[in-house]
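Colleague: Compact mmCIF, C-alpha atoms (C1' of nucleotides), saved as run.txt, coming up:
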```
# COMPACT_ATOMS: atom_id res chain seq x y z
CA MET A 1 20.77 4.80 -21.94
CA ASN A 2 19.18 8.10 -21.02
CA GLY A 3 18.97 7.23 -17.37
CA PRO A 4 16.04 7.35 -14.98
CA PRO A 5 13.88 10.46 -14.63
CA LYS A 6 15.32 12.86 -12.05
CA LEU A 7 13.51 13.87 -8.91
CA ALA A 8 11.78 17.00 -10.17
CA ARG A 9 10.41 17.74 -6.70
CA PRO A 10 12.71 16.23 -4.04
CA ASP A 11 10.85 18.33 -1.50
CA LEU A 12 7.69 16.35 -2.17
CA VAL A 13 9.16 12.86 -1.82
CA PRO A 14 6.83 10.99 0.57
CA ASP A 15 8.35 10.75 4.05
CA PRO A 16 6.83 7.94 6.20
CA ASP A 17 7.73 9.40 9.57
CA ARG A 18 6.00 12.73 9.67
CA GLY A 19 2.53 12.35 11.11
CA ARG A 20 -0.85 12.13 9.47
CA GLU A 21 -1.63 15.84 9.35
CA THR A 22 1.66 16.63 7.66
CA MET A 23 1.18 13.83 5.16
CA GLU A 24 -2.30 15.04 4.26
CA ALA A 25 -1.03 18.59 3.92
CA GLN A 26 1.64 17.40 1.51
CA GLN A 27 -1.00 15.57 -0.51
CA ARG A 28 -2.85 18.85 -0.96
CA ASP A 29 0.39 20.32 -2.29
CA ILE A 30 0.80 17.37 -4.63
CA ALA A 31 -2.74 17.83 -5.92
CA SER A 32 -2.15 21.52 -6.60
CA GLU A 33 1.03 20.72 -8.52
CA ALA A 34 -0.60 17.92 -10.52
CA ARG A 35 -1.96 18.49 -14.00
CA PHE A 36 -4.94 16.27 -14.82
CA ALA A 37 -4.84 17.07 -18.52
CA ASP A 38 -2.84 15.66 -21.43
CA ASP A 39 0.67 17.04 -21.46
CA PHE A 40 3.11 14.55 -22.92
CA GLU A 41 5.29 14.09 -25.99
CA PHE A 42 4.16 10.76 -27.41
CA ASP A 43 1.12 10.18 -29.60
CA PRO A 44 -1.49 8.33 -27.50
CA ALA A 45 -2.82 6.69 -30.67
CA THR A 46 0.50 4.84 -31.07
CA ILE A 47 0.22 3.16 -27.67
CA ILE A 48 -0.08 -0.58 -28.09
CA ASP A 49 1.01 -3.70 -26.30
CA GLY A 50 1.12 -6.63 -28.64
CA PRO A 51 1.82 -7.39 -32.31
CA LEU A 52 2.44 -4.23 -34.29
CA ALA A 53 0.09 -3.56 -37.19
CA THR A 54 2.94 -2.28 -39.34
CA PRO A 55 6.66 -3.10 -38.85
CA ASP A 56 7.73 0.53 -38.97
CA GLU A 57 5.88 1.62 -35.85
CA ASP A 58 7.75 2.96 -32.85
CA PRO A 59 5.44 2.80 -29.83
CA PRO A 60 6.25 4.76 -26.64
CA LEU A 61 8.17 3.26 -23.73
CA VAL A 62 5.72 2.22 -21.01
CA ALA A 63 6.71 1.33 -17.47
CA GLY A 64 4.57 -0.95 -15.32
CA ILE A 65 5.18 -0.77 -11.57
CA ASP A 66 4.08 -3.27 -8.92
CA GLN A 67 5.21 -4.57 -5.53
CA ALA A 68 5.42 -7.81 -3.60
CA PHE A 69 5.90 -8.09 0.16
CA LEU A 70 8.21 -10.13 2.33
CA ASP A 71 7.72 -9.59 6.06
CA ASP A 72 8.58 -5.93 6.61
CA ARG A 73 10.35 -5.52 3.32
CA VAL A 74 8.89 -4.67 -0.06
CA ILE A 75 10.12 -5.57 -3.52
CA SER A 76 9.36 -2.80 -6.01
CA ALA A 77 9.50 -4.00 -9.59
CA ILE A 78 9.43 -2.00 -12.81
CA VAL A 79 9.18 -3.52 -16.25
CA VAL A 80 9.64 -1.22 -19.22
CA SER A 81 8.33 -2.27 -22.61
CA ARG A 82 7.75 -0.88 -26.08
CA GLY A 83 4.90 -2.27 -28.11
CA GLY A 84 4.81 -5.35 -25.90
CA GLU A 85 8.55 -6.04 -26.04
CA VAL A 86 10.35 -5.88 -22.72
CA VAL A 87 13.19 -3.38 -22.78
CA GLU A 88 14.28 -3.39 -19.16
CA ARG A 89 13.44 -4.88 -15.77
CA VAL A 90 14.65 -3.55 -12.44
CA TYR A 91 13.69 -3.99 -8.82
CA ALA A 92 14.65 -2.71 -5.39
CA VAL A 93 14.22 -4.20 -1.93
CA THR A 94 13.29 -1.68 0.75
CA ASP A 95 12.42 -1.88 4.44
CA LEU A 96 8.87 -0.81 5.21
CA SER A 97 8.27 1.72 7.96
CA ILE A 98 4.54 2.28 8.18
CA PRO A 99 1.50 0.04 7.71
CA TYR A 100 -1.03 0.36 4.93
CA ILE A 101 -3.46 3.18 5.66
CA PRO A 102 -6.23 3.96 3.15
CA GLY A 103 -5.44 7.34 1.64
CA LEU A 104 -1.79 7.28 2.63
CA LEU A 105 -0.50 4.48 0.41
CA ALA A 106 2.15 6.69 -1.19
CA PHE A 107 3.83 7.16 2.18
CA ARG A 108 4.26 3.41 2.55
CA GLU A 109 5.17 2.47 -1.02
CA GLY A 110 6.31 5.72 -2.62
CA GLY A 111 9.87 5.74 -1.29
CA PRO A 112 10.41 2.09 -2.26
CA ILE A 113 9.12 2.82 -5.77
CA LEU A 114 11.57 5.70 -6.14
CA ASP A 115 14.35 3.30 -5.11
CA ALA A 116 13.46 1.11 -8.08
CA VAL A 117 13.10 4.08 -10.43
CA ALA A 118 16.69 5.05 -9.58
CA GLU A 119 17.82 1.71 -11.04
CA LEU A 120 16.39 2.44 -14.50
CA THR A 121 18.73 3.04 -17.43
CA SER A 122 15.87 3.92 -19.77
CA THR A 123 13.48 6.85 -19.60
CA PRO A 124 9.85 5.70 -19.91
CA ASP A 125 7.32 7.94 -21.68
CA LEU A 126 4.51 6.74 -19.44
CA PHE A 127 4.26 5.17 -15.98
CA VAL A 128 1.40 2.85 -15.04
CA PHE A 129 0.92 2.48 -11.29
CA ASP A 130 -0.97 -0.05 -9.22
CA GLY A 131 -3.43 2.08 -7.26
CA SER A 132 -5.31 5.33 -7.67
CA GLY A 133 -4.20 8.67 -8.99
CA ARG A 134 -6.79 11.43 -8.91
CA ILE A 135 -9.41 9.06 -7.49
CA HIS A 136 -8.32 9.89 -3.96
CA PHE A 137 -9.68 11.86 -0.97
CA ARG A 138 -7.28 14.72 -1.67
CA GLU A 139 -6.76 13.91 -5.36
CA ALA A 140 -3.24 12.77 -4.63
CA GLY A 141 -3.14 8.98 -4.91
CA ILE A 142 0.17 7.19 -5.37
CA ALA A 143 0.09 7.53 -9.18
CA THR A 144 -0.31 11.28 -8.85
CA HIS A 145 2.25 11.58 -6.07
CA MET A 146 4.91 9.70 -8.03
CA GLY A 147 4.03 11.50 -11.24
CA VAL A 148 4.50 14.92 -9.65
CA VAL A 149 7.71 14.03 -7.79
CA LEU A 150 9.25 12.74 -11.03
CA ASP A 151 7.28 15.08 -13.30
CA VAL A 152 6.41 12.25 -15.66
CA PRO A 153 3.13 11.28 -17.36
CA SER A 154 1.40 8.70 -15.16
CA VAL A 155 -1.86 6.85 -14.72
CA GLY A 156 -3.31 4.93 -11.80
CA VAL A 157 -4.96 1.54 -12.22
CA ALA A 158 -6.87 0.24 -9.19
CA LYS A 159 -8.87 -2.96 -8.77
CA SER A 160 -11.38 -1.35 -6.44
CA LEU A 161 -12.83 2.11 -5.94
CA LEU A 162 -11.35 4.18 -3.11
CA CYS A 163 -13.82 7.06 -3.35
CA GLY A 164 -15.91 8.97 -5.86
CA THR A 165 -19.20 7.94 -7.48
CA PRO A 166 -19.87 6.21 -10.81
CA THR A 167 -22.41 8.11 -12.92
CA ARG A 168 -24.27 4.85 -13.50
CA SER A 169 -24.06 1.16 -12.64
CA VAL A 170 -20.75 -0.48 -13.42
CA GLU A 171 -22.10 -4.02 -13.15
CA GLY A 172 -21.56 -6.24 -16.13
CA LEU A 173 -20.14 -3.69 -18.55
CA ALA A 174 -19.04 -5.04 -21.91
CA ALA A 175 -15.33 -5.17 -22.74
CA GLY A 176 -14.24 -1.75 -23.97
CA GLU A 177 -16.93 0.13 -22.04
CA ARG A 178 -16.27 2.82 -19.46
CA VAL A 179 -18.27 4.75 -16.87
CA PRO A 180 -17.20 8.15 -15.52
CA ILE A 181 -16.31 8.47 -11.83
CA GLU A 182 -17.16 11.84 -10.32
CA SER A 183 -15.86 13.44 -7.17
CA ASP A 184 -18.33 13.39 -4.28
CA GLU A 185 -18.35 14.54 -0.64
CA ASP A 186 -15.46 12.17 0.15
CA VAL A 187 -13.27 14.03 -2.29
CA THR A 188 -12.27 17.38 -0.85
CA ALA A 189 -11.32 20.36 -3.02
CA THR A 190 -13.57 19.41 -5.91
CA ALA A 191 -17.21 18.67 -6.62
CA GLY A 192 -18.73 16.90 -9.59
CA GLU A 193 -15.38 16.66 -11.37
CA ARG A 194 -14.69 13.69 -13.63
CA ILE A 195 -11.82 12.22 -11.63
CA GLY A 196 -11.54 8.91 -13.47
CA TYR A 197 -13.32 6.01 -15.12
CA ALA A 198 -14.46 2.49 -14.36
CA VAL A 199 -12.89 0.68 -17.33
CA GLN A 200 -13.92 -2.77 -18.51
CA THR A 201 -10.87 -4.28 -20.19
CA ARG A 202 -12.32 -7.77 -20.24
CA GLN A 203 -15.68 -9.49 -19.75
CA TYR A 204 -17.09 -13.01 -19.77
CA ASP A 205 -19.54 -14.05 -22.46
CA SER A 206 -21.87 -15.85 -20.06
CA PRO A 207 -24.64 -13.92 -18.26
CA ASN A 208 -23.97 -15.82 -15.04
CA ARG A 209 -20.75 -14.40 -13.71
CA HIS A 210 -19.10 -11.12 -14.58
CA ILE A 211 -15.74 -9.42 -14.12
CA ASN A 212 -15.52 -6.18 -12.13
CA PRO A 213 -14.09 -3.17 -13.93
CA LEU A 214 -10.76 -1.50 -13.27
CA TYR A 215 -10.74 2.00 -11.79
CA VAL A 216 -8.50 4.19 -13.90
CA SER A 217 -7.54 7.73 -12.99
CA PRO A 218 -5.07 10.40 -14.07
CA GLY A 219 -1.75 10.39 -12.28
CA HIS A 220 -0.01 13.48 -13.66
CA ARG A 221 0.02 15.15 -17.09
CA VAL A 222 -2.74 12.83 -18.38
CA GLY A 223 -6.46 13.56 -18.63
CA ALA A 224 -9.16 11.16 -17.40
CA ALA A 225 -10.43 10.16 -20.84
CA THR A 226 -6.91 9.61 -22.16
CA ALA A 227 -5.99 7.56 -19.10
CA ALA A 228 -8.92 5.25 -19.87
CA ASP A 229 -7.92 5.08 -23.55
CA LEU A 230 -4.34 4.20 -22.67
CA VAL A 231 -5.30 1.41 -20.29
CA LEU A 232 -7.63 -0.13 -22.85
CA ALA A 233 -4.88 0.05 -25.47
CA LEU A 234 -2.43 -1.61 -23.09
CA ALA A 235 -4.78 -4.47 -22.17
CA ASP A 236 -4.46 -7.69 -24.13
CA GLY A 237 -7.00 -10.31 -23.22
CA TYR A 238 -6.64 -9.98 -19.47
CA LYS A 239 -8.25 -7.73 -16.91
CA LEU A 240 -5.01 -5.96 -16.01
CA PRO A 241 -3.01 -4.01 -18.59
CA GLU A 242 0.10 -5.86 -19.78
CA PRO A 243 2.66 -3.50 -18.21
CA THR A 244 1.06 -4.15 -14.82
CA ARG A 245 0.92 -7.89 -15.38
CA ARG A 246 4.60 -7.98 -16.27
CA ALA A 247 5.59 -5.93 -13.24
CA ASP A 248 3.41 -8.16 -11.07
CA ALA A 249 5.08 -11.31 -12.36
CA TYR A 250 8.56 -9.82 -12.07
CA ALA A 251 7.91 -8.67 -8.49
CA ASP A 252 6.91 -12.23 -7.56
CA GLU A 253 9.94 -13.59 -9.35
CA ALA A 254 12.27 -11.21 -7.53
CA LYS A 255 10.52 -12.00 -4.28
CA SER A 256 11.24 -15.71 -4.43
CA LEU A 257 14.73 -14.82 -5.61
CA VAL A 258 15.37 -12.58 -2.61
CA ASP A 259 13.49 -14.79 -0.16
CA ASP A 260 15.61 -16.34 2.60
C1' DG B 1 -19.44 5.85 18.42
C1' DC B 2 -20.41 4.17 13.37
C1' DG B 3 -19.12 4.01 8.76
C1' DA B 4 -15.37 2.91 5.43
C1' DC B 5 -11.58 3.12 2.39
C1' DA B 6 -6.11 1.83 -3.27
C1' DG B 7 -2.26 -1.92 -1.71
C1' DA C 1 -1.01 -7.04 -0.05
C1' DT C 2 -0.64 -12.25 1.67
C1' DC C 3 -1.97 -17.35 3.12
C1' DT C 4 -3.24 -21.43 -1.23
C1' DT C 5 -6.00 -26.44 -4.35
C1' DG C 6 -9.39 -27.31 -6.27
C1' DT C 7 -13.15 -26.24 -8.84
C1' DC C 8 -17.34 -23.98 -11.08
C1' DG C 9 -18.71 -22.76 -15.77
C1' DC C 10 -18.09 -21.89 -20.75
```
Could you express the structure from this file as structure tokens?

Modeller:
Amino acid sequence: MNGPPKLARPDLVPDPDRGRETMEAQQRDIASEARFADDFEFDPATIIDGPLATPDEDPPLVAGIDQAFLDDRVISAIVVSRGGEVVERVYAVTDLSIPYIPGLLAFREGGPILDAVAELTSTPDLFVFDGSGRIHFREAGIATHMGVVLDVPSVGVAKSLLCGTPTRSVEGLAAGERVPIESDEDVTATAGERIGYAVQTRQYDSPNRHINPLYVSPGHRVGAATAADLVLALADGYKLPEPTRRADAYADEAKSLVDD
DNA sequence: GCGACAG
DNA sequence: ATCTTGTCGC
């Protein structure tokens, strides 16, 4: 009952109708305001999503955010859980204004996400977004943009790599393994920085087929290594971390509920 | 002009 | 992202 996080930077809320140059300029501002290093209250070692080892544990509140689409409307769902137990679920239906443009995702889905955040009655300790954070052309992916606007710890979890270069092959990694992603020529403002990790949360036993890794990057107030640790701790037998899976399922549920 | 890119 | 059943492999 603490209420949703306030808009720490209302001036940086993504505005869809402003033109590419302006949007990119704002992303540079976002990147300069972002902190890609650990700066949060909870103990990362207590993060878990599943049966608690000891009954007296009190894991942090983690919010998973995902969206589902219905014509030109988007359903933004947020599921907040603590140690695997769902604490709250909220969603918002918002009209979409611009199409998906690689690099400008936050301007399409950011506003809708903030609409859902406003519905929260709890205050999550960590936000897990669907998409990149620092792994972005201007180091301002949607996880970073939302993290800075709300000034909350956040991480980005993407299913494919937007930009940056893995330091080695990411094919067929074993579950639990990770490979650093470094900034390259596609990432302006930095060079050779460790902007995220390819994280293998799950893998098949057979040599035939293999699962691709997740691409995890810092959103805001979380370092790259910690972001990878957190995602591994939040995964439970599936490729996607549990908070994301719950938000995904809830978004679909709300979608069919809203559908007409 | 070509390439190439989260959701 | 979304349209969608079965089906390959352990």

Colleague: Residues of chain B that have any atom at most 10 Å from an atom of chain A: could you tabulate them with the shortest-distance atom pair and the distance in Å to one decimal, using only C-alpha atoms (C1' of nucleotides), ordered by chain and increasing number, as JSON lines?

Modeller:
```
{"residue": "B:DA4", "atom": "C1'", "partner": "A:Pro102", "partner_atom": "CA", "distance": 9.5}
{"residue": "B:DC5", "atom": "C1'", "partner": "A:Pro102", "partner_atom": "CA", "distance": 5.5}
{"residue": "B:DA6", "atom": "C1'", "partner": "A:Gly131", "partner_atom": "CA", "distance": 4.8}
{"residue": "B:DG7", "atom": "C1'", "partner": "A:Gly131", "partner_atom": "CA", "distance": 6.9}
```

Colleague: Produce a file of the selected residues containing C-alpha atoms (C1' of nucleotides), as a PDB file, keeping the file's coordinate frame.

Modeller:
```pdb
ATOM      1  C1'  DA B   4     -15.370   2.910   5.430  1.00  0.00           C
ATOM      2  C1'  DC B   5     -11.580   3.120   2.390  1.00  0.00           C
ATOM      3  C1'  DA B   6      -6.110   1.830  -3.270  1.00  0.00           C
ATOM      4  C1'  DG B   7      -2.260  -1.920  -1.710  1.00  0.00           C
TER       5       DG B   7
END
```

Colleague: Select, from A:His145, A:Arg82, A:Arg202, A:Arg178, the residue with the minimum atom-to-atom distance to A:Leu114, counting all atoms listed in the file.

Modeller: A:His145

Colleague: One number please: atom CA of A:Ile75 to atom CA of A:Gly3, in Å, one decimal.

Modeller: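 We find that atom CA of A:Ile75 and atom CA of A:Gly3 lie 20.8 Å from each other.
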
Colleague: If you measure from atom CA of A:Pro44 to atom CA of A:Phe127, what distance in Å do you get, rounded to one decimal?

Modeller: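 According to the coordinates, atom CA of A:Pro44 and atom CA of A:Phe127 are separated by 13.3 Å.
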
Colleague: Write out as a compact mmCIF listing (two decimals) with C-alpha atoms, keeping the file's coordinate frame every residue belonging to chain A that has an atom at most 10 Å from any atom of chain C, counting only C-alpha atoms (C1' of nucleotides).

Modeller:
```
# COMPACT_ATOMS: atom_id res chain seq x y z
CA GLN A 67 5.21 -4.57 -5.53
CA ALA A 68 5.42 -7.81 -3.60
CA PHE A 69 5.90 -8.09 0.16
CA LEU A 70 8.21 -10.13 2.33
CA ASP A 71 7.72 -9.59 6.06
CA TYR A 100 -1.03 0.36 4.93
CA TYR A 204 -17.09 -13.01 -19.77
CA ASP A 205 -19.54 -14.05 -22.46
CA SER A 206 -21.87 -15.85 -20.06
CA ASN A 208 -23.97 -15.82 -15.04
CA ARG A 209 -20.75 -14.40 -13.71
```

Colleague: Atom CA of A:Asn2 to atom CA of A:Glu33: how many Å, to one decimal?

Modeller: 25.4 Å

Colleague: Using only C-alpha atoms, which of the listed residues (A:Ile98, A:Ala247, A:Ile78, A:Val62) sits closest to A:Asp15?

Modeller: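 Of the candidates, the smallest distance to A:Asp15 is held by A:Ile98.
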
Colleague: Complete stretch 157-179 of chain A with N, CA and C atoms (output as an mmCIF file, in the coordinates of the input).

Modeller:
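Written out: selection-v1.cif:
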```
data_model
loop_
_atom_site.group_PDB
_atom_site.id
_atom_site.type_symbol
_atom_site.label_atom_id
_atom_site.label_comp_id
_atom_site.auth_asym_id
_atom_site.auth_seq_id
_atom_site.Cartn_x
_atom_site.Cartn_y
_atom_site.Cartn_z
ATOM 1 N N VAL A 157 -4.055 2.639 -11.904
ATOM 2 C CA VAL A 157 -4.960 1.540 -12.220
ATOM 3 C C VAL A 157 -5.263 0.783 -10.927
ATOM 4 N N ALA A 158 -6.490 0.908 -10.436
ATOM 5 C CA ALA A 158 -6.870 0.240 -9.190
ATOM 6 C C ALA A 158 -7.922 -0.828 -9.439
ATOM 7 N N LYS A 159 -7.901 -1.862 -8.612
ATOM 8 C CA LYS A 159 -8.870 -2.960 -8.770
ATOM 9 C C LYS A 159 -10.159 -2.686 -8.013
ATOM 10 N N SER A 160 -10.137 -1.712 -7.148
ATOM 11 C CA SER A 160 -11.380 -1.350 -6.440
ATOM 12 C C SER A 160 -11.424 0.161 -6.279
ATOM 13 N N LEU A 161 -12.623 0.661 -6.028
ATOM 14 C CA LEU A 161 -12.830 2.110 -5.940
ATOM 15 C C LEU A 161 -12.602 2.647 -4.523
ATOM 16 N N LEU A 162 -11.684 3.588 -4.412
ATOM 17 C CA LEU A 162 -11.350 4.180 -3.110
ATOM 18 C C LEU A 162 -12.411 5.194 -2.693
ATOM 19 N N CYS A 163 -12.820 6.039 -3.619
ATOM 20 C CA CYS A 163 -13.820 7.060 -3.350
ATOM 21 C C CYS A 163 -14.354 7.592 -4.670
ATOM 22 N N GLY A 164 -15.330 8.471 -4.623
ATOM 23 C CA GLY A 164 -15.910 8.970 -5.860
ATOM 24 C C GLY A 164 -17.148 8.137 -6.179
ATOM 25 N N THR A 165 -17.952 8.628 -7.125
ATOM 26 C CA THR A 165 -19.200 7.940 -7.480
ATOM 27 C C THR A 165 -19.355 7.741 -8.989
ATOM 28 N N PRO A 166 -19.667 6.509 -9.392
ATOM 29 C CA PRO A 166 -19.870 6.210 -10.810
ATOM 30 C C PRO A 166 -21.154 6.918 -11.232
ATOM 31 N N THR A 167 -21.225 7.413 -12.451
ATOM 32 C CA THR A 167 -22.410 8.110 -12.920
ATOM 33 C C THR A 167 -23.560 7.158 -13.228
ATOM 34 N N ARG A 168 -23.235 5.855 -13.293
ATOM 35 C CA ARG A 168 -24.270 4.850 -13.500
ATOM 36 C C ARG A 168 -23.710 3.512 -13.036
ATOM 37 N N SER A 169 -24.517 2.484 -13.079
ATOM 38 C CA SER A 169 -24.060 1.160 -12.640
ATOM 39 C C SER A 169 -22.849 0.674 -13.438
ATOM 40 N N VAL A 170 -21.930 0.031 -12.739
ATOM 41 C CA VAL A 170 -20.750 -0.480 -13.420
ATOM 42 C C VAL A 170 -20.792 -2.009 -13.455
ATOM 43 N N GLU A 171 -21.939 -2.562 -13.155
ATOM 44 C CA GLU A 171 -22.100 -4.020 -13.150
ATOM 45 C C GLU A 171 -22.267 -4.592 -14.556
ATOM 46 N N GLY A 172 -21.445 -5.560 -14.853
ATOM 47 C CA GLY A 172 -21.560 -6.240 -16.130
ATOM 48 C C GLY A 172 -21.373 -5.406 -17.381
ATOM 49 N N LEU A 173 -20.431 -4.496 -17.361
ATOM 50 C CA LEU A 173 -20.140 -3.690 -18.550
ATOM 51 C C LEU A 173 -19.505 -4.599 -19.593
ATOM 52 N N ALA A 174 -19.639 -4.233 -20.851
ATOM 53 C CA ALA A 174 -19.040 -5.040 -21.910
ATOM 54 C C ALA A 174 -17.579 -4.611 -22.057
ATOM 55 N N ALA A 175 -16.740 -5.493 -22.561
ATOM 56 C CA ALA A 175 -15.330 -5.170 -22.740
ATOM 57 C C ALA A 175 -15.230 -3.920 -23.612
ATOM 58 N N GLY A 176 -14.404 -2.973 -23.195
ATOM 59 C CA GLY A 176 -14.240 -1.750 -23.970
ATOM 60 C C GLY A 176 -15.079 -0.599 -23.438
ATOM 61 N N GLU A 177 -16.062 -0.923 -22.592
ATOM 62 C CA GLU A 177 -16.930 0.130 -22.040
ATOM 63 C C GLU A 177 -16.284 0.841 -20.861
ATOM 64 N N ARG A 178 -16.787 2.043 -20.578
ATOM 65 C CA ARG A 178 -16.270 2.820 -19.460
ATOM 66 C C ARG A 178 -17.388 3.654 -18.860
ATOM 67 N N VAL A 179 -17.277 3.938 -17.566
ATOM 68 C CA VAL A 179 -18.270 4.750 -16.870
ATOM 69 C C VAL A 179 -17.514 5.802 -16.072
#
```
